[in-house]
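**Q** Take this structure first; my questions come after.
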Amino acid sequence: MAEGTDIRGLVLAGGKSTRMGRDKGLLSYHGKPQREYLYEQLRPLCQEVYLSVRPEQKDSVPEGFAYIADENKYKGPLNGLLSAHHAYPDAAWLVVA
């Protein structure tokens with residue numbers, strides 16, 4: 001990584017959670033939804049942080065939280081990773097799920 005490269009945070013929260021039967025990212029963790037908790041944990045470490053969500057989840061993103069909607073070109077977590085890369089191709093990413 002080149003000196004001065006910005007690190008952006010990405011919380012993969014676009015999974016359908018079909019086996020669990022409900023959105024894992026909305027499970028309460030430390031008194032708030034897990035995806036929000038992880039987002040807040042990345043904020044001091046990264047210049048910018050994004051939730052990676054499916055297009056139909058955009059309306060559920062909390063106010064003030066940045067997000068990247070999945071492009072739906074790929075399956076699984078790769079969808080979120082590559083959607084973020086396409087949005088910011090020169091960024092270095094710190095990714096959590």
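Ordering of the structure tokens sets the chain letters (A, B, ...), residue numbers begin anew at 1 in every chain, and ligands are numbered from 1 in the order given.
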Show which residues sit within 10 Å of A:Leu12, as a PyMOL selection string. Count only C-alpha atoms, and ignore same-chain residues fewer than 2 positions away.
**A** chain A and resi 9-10+14-15+25+35+38-39+50-54+68+70+77-81+95-97
**Q** So what do you get for atom CA of A:Ala66 versus atom CA of A:Ala13, distance-wise?
**A**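 Computed distance, atom CA of A:Ala66 to atom CA of A:Ala13, equals 12.5 Å.
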**Q** Report the residues of chain A whose backbone DSSP state falls under helix (DSSP H, G or I), written as a PDB file with N, CA and C atoms, in the first residue's frame.
**A**
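To be explicit, this is the file written out as selection-v2.pdb:
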```
ATOM      1  N   LYS A  24     -29.117 -11.021  10.059  1.00  0.00           N
ATOM      2  CA  LYS A  24     -28.105 -11.098  11.126  1.00  0.00           C
ATOM      3  C   LYS A  24     -27.561  -9.723  11.495  1.00  0.00           C
ATOM      4  N   GLY A  25     -27.495  -8.830  10.531  1.00  0.00           N
ATOM      5  CA  GLY A  25     -26.972  -7.492  10.789  1.00  0.00           C
ATOM      6  C   GLY A  25     -27.836  -6.673  11.722  1.00  0.00           C
ATOM      7  N   LEU A  26     -29.090  -7.077  11.890  1.00  0.00           N
ATOM      8  CA  LEU A  26     -29.995  -6.350  12.776  1.00  0.00           C
ATOM      9  C   LEU A  26     -30.083  -6.964  14.171  1.00  0.00           C
ATOM     10  N   GLN A  34     -26.017  -5.165  15.112  1.00  0.00           N
ATOM     11  CA  GLN A  34     -24.615  -5.541  14.901  1.00  0.00           C
ATOM     12  C   GLN A  34     -23.952  -4.728  13.805  1.00  0.00           C
ATOM     13  N   ARG A  35     -24.656  -4.502  12.697  1.00  0.00           N
ATOM     14  CA  ARG A  35     -24.034  -3.753  11.600  1.00  0.00           C
ATOM     15  C   ARG A  35     -23.695  -2.328  12.026  1.00  0.00           C
ATOM     16  N   GLU A  36     -24.522  -1.708  12.877  1.00  0.00           N
ATOM     17  CA  GLU A  36     -24.240  -0.360  13.367  1.00  0.00           C
ATOM     18  C   GLU A  36     -23.070  -0.370  14.352  1.00  0.00           C
ATOM     19  N   TYR A  37     -23.024  -1.393  15.197  1.00  0.00           N
ATOM     20  CA  TYR A  37     -21.920  -1.516  16.144  1.00  0.00           C
ATOM     21  C   TYR A  37     -20.589  -1.628  15.400  1.00  0.00           C
ATOM     22  N   LEU A  38     -20.535  -2.490  14.382  1.00  0.00           N
ATOM     23  CA  LEU A  38     -19.300  -2.658  13.615  1.00  0.00           C
ATOM     24  C   LEU A  38     -18.925  -1.383  12.870  1.00  0.00           C
ATOM     25  N   TYR A  39     -19.901  -0.706  12.311  1.00  0.00           N
ATOM     26  CA  TYR A  39     -19.679   0.566  11.616  1.00  0.00           C
ATOM     27  C   TYR A  39     -18.991   1.555  12.557  1.00  0.00           C
ATOM     28  N   GLU A  40     -19.529   1.674  13.756  1.00  0.00           N
ATOM     29  CA  GLU A  40     -18.964   2.605  14.740  1.00  0.00           C
ATOM     30  C   GLU A  40     -17.573   2.188  15.192  1.00  0.00           C
ATOM     31  N   GLN A  41     -17.300   0.881  15.248  1.00  0.00           N
ATOM     32  CA  GLN A  41     -15.973   0.415  15.632  1.00  0.00           C
ATOM     33  C   GLN A  41     -14.925   0.769  14.571  1.00  0.00           C
ATOM     34  N   LEU A  42     -15.322   0.805  13.304  1.00  0.00           N
ATOM     35  CA  LEU A  42     -14.396   1.123  12.218  1.00  0.00           C
ATOM     36  C   LEU A  42     -14.143   2.628  12.073  1.00  0.00           C
ATOM     37  N   PRO A  55     -29.706  -3.652  -2.590  1.00  0.00           N
ATOM     38  CA  PRO A  55     -30.482  -2.464  -2.969  1.00  0.00           C
ATOM     39  C   PRO A  55     -31.788  -2.314  -2.182  1.00  0.00           C
ATOM     40  N   GLU A  56     -32.457  -3.424  -1.879  1.00  0.00           N
ATOM     41  CA  GLU A  56     -33.724  -3.325  -1.151  1.00  0.00           C
ATOM     42  C   GLU A  56     -33.545  -3.000   0.332  1.00  0.00           C
ATOM     43  N   GLN A  57     -32.303  -2.975   0.821  1.00  0.00           N
ATOM     44  CA  GLN A  57     -32.033  -2.620   2.219  1.00  0.00           C
ATOM     45  C   GLN A  57     -31.711  -1.137   2.384  1.00  0.00           C
ATOM     46  N   LYS A  58     -31.590  -0.394   1.311  1.00  0.00           N
ATOM     47  CA  LYS A  58     -31.168   1.017   1.393  1.00  0.00           C
ATOM     48  C   LYS A  58     -32.031   1.834   2.345  1.00  0.00           C
ATOM     49  N   ASP A  59     -33.333   1.579   2.343  1.00  0.00           N
ATOM     50  CA  ASP A  59     -34.228   2.360   3.195  1.00  0.00           C
ATOM     51  C   ASP A  59     -34.046   2.064   4.681  1.00  0.00           C
ATOM     52  N   SER A  60     -33.393   0.948   5.004  1.00  0.00           N
ATOM     53  CA  SER A  60     -33.191   0.592   6.409  1.00  0.00           C
ATOM     54  C   SER A  60     -31.855   1.103   6.958  1.00  0.00           C
ATOM     55  N   PRO A  77     -20.517 -12.865  -0.413  1.00  0.00           N
ATOM     56  CA  PRO A  77     -19.774 -11.693   0.050  1.00  0.00           C
ATOM     57  C   PRO A  77     -18.974 -11.002  -1.051  1.00  0.00           C
ATOM     58  N   LEU A  78     -18.620 -11.758  -2.084  1.00  0.00           N
ATOM     59  CA  LEU A  78     -17.883 -11.168  -3.196  1.00  0.00           C
ATOM     60  C   LEU A  78     -18.677 -10.026  -3.829  1.00  0.00           C
ATOM     61  N   ASN A  79     -19.991 -10.114  -3.793  1.00  0.00           N
ATOM     62  CA  ASN A  79     -20.849  -9.061  -4.326  1.00  0.00           C
ATOM     63  C   ASN A  79     -20.568  -7.730  -3.624  1.00  0.00           C
ATOM     64  N   GLY A  80     -20.531  -7.743  -2.300  1.00  0.00           N
ATOM     65  CA  GLY A  80     -20.249  -6.522  -1.544  1.00  0.00           C
ATOM     66  C   GLY A  80     -18.835  -6.022  -1.736  1.00  0.00           C
ATOM     67  N   LEU A  81     -17.876  -6.950  -1.725  1.00  0.00           N
ATOM     68  CA  LEU A  81     -16.471  -6.565  -1.891  1.00  0.00           C
ATOM     69  C   LEU A  81     -16.222  -5.909  -3.238  1.00  0.00           C
ATOM     70  N   LEU A  82     -16.702  -6.524  -4.296  1.00  0.00           N
ATOM     71  CA  LEU A  82     -16.454  -5.976  -5.630  1.00  0.00           C
ATOM     72  C   LEU A  82     -17.294  -4.732  -5.903  1.00  0.00           C
ATOM     73  N   SER A  83     -18.463  -4.636  -5.330  1.00  0.00           N
ATOM     74  CA  SER A  83     -19.260  -3.414  -5.478  1.00  0.00           C
ATOM     75  C   SER A  83     -18.531  -2.231  -4.844  1.00  0.00           C
ATOM     76  N   ALA A  84     -17.920  -2.452  -3.675  1.00  0.00           N
ATOM     77  CA  ALA A  84     -17.140  -1.400  -3.021  1.00  0.00           C
ATOM     78  C   ALA A  84     -15.908  -1.047  -3.849  1.00  0.00           C
ATOM     79  N   HIS A  85     -15.237  -2.057  -4.368  1.00  0.00           N
ATOM     80  CA  HIS A  85     -14.052  -1.814  -5.193  1.00  0.00           C
ATOM     81  C   HIS A  85     -14.420  -1.013  -6.448  1.00  0.00           C
ATOM     82  N   HIS A  86     -15.539  -1.343  -7.066  1.00  0.00           N
ATOM     83  CA  HIS A  86     -15.955  -0.603  -8.261  1.00  0.00           C
ATOM     84  C   HIS A  86     -16.307   0.841  -7.920  1.00  0.00           C
ATOM     85  N   ALA A  87     -16.871   1.074  -6.749  1.00  0.00           N
ATOM     86  CA  ALA A  87     -17.236   2.436  -6.335  1.00  0.00           C
ATOM     87  C   ALA A  87     -15.998   3.279  -6.030  1.00  0.00           C
TER      88      ALA A  87
END
```
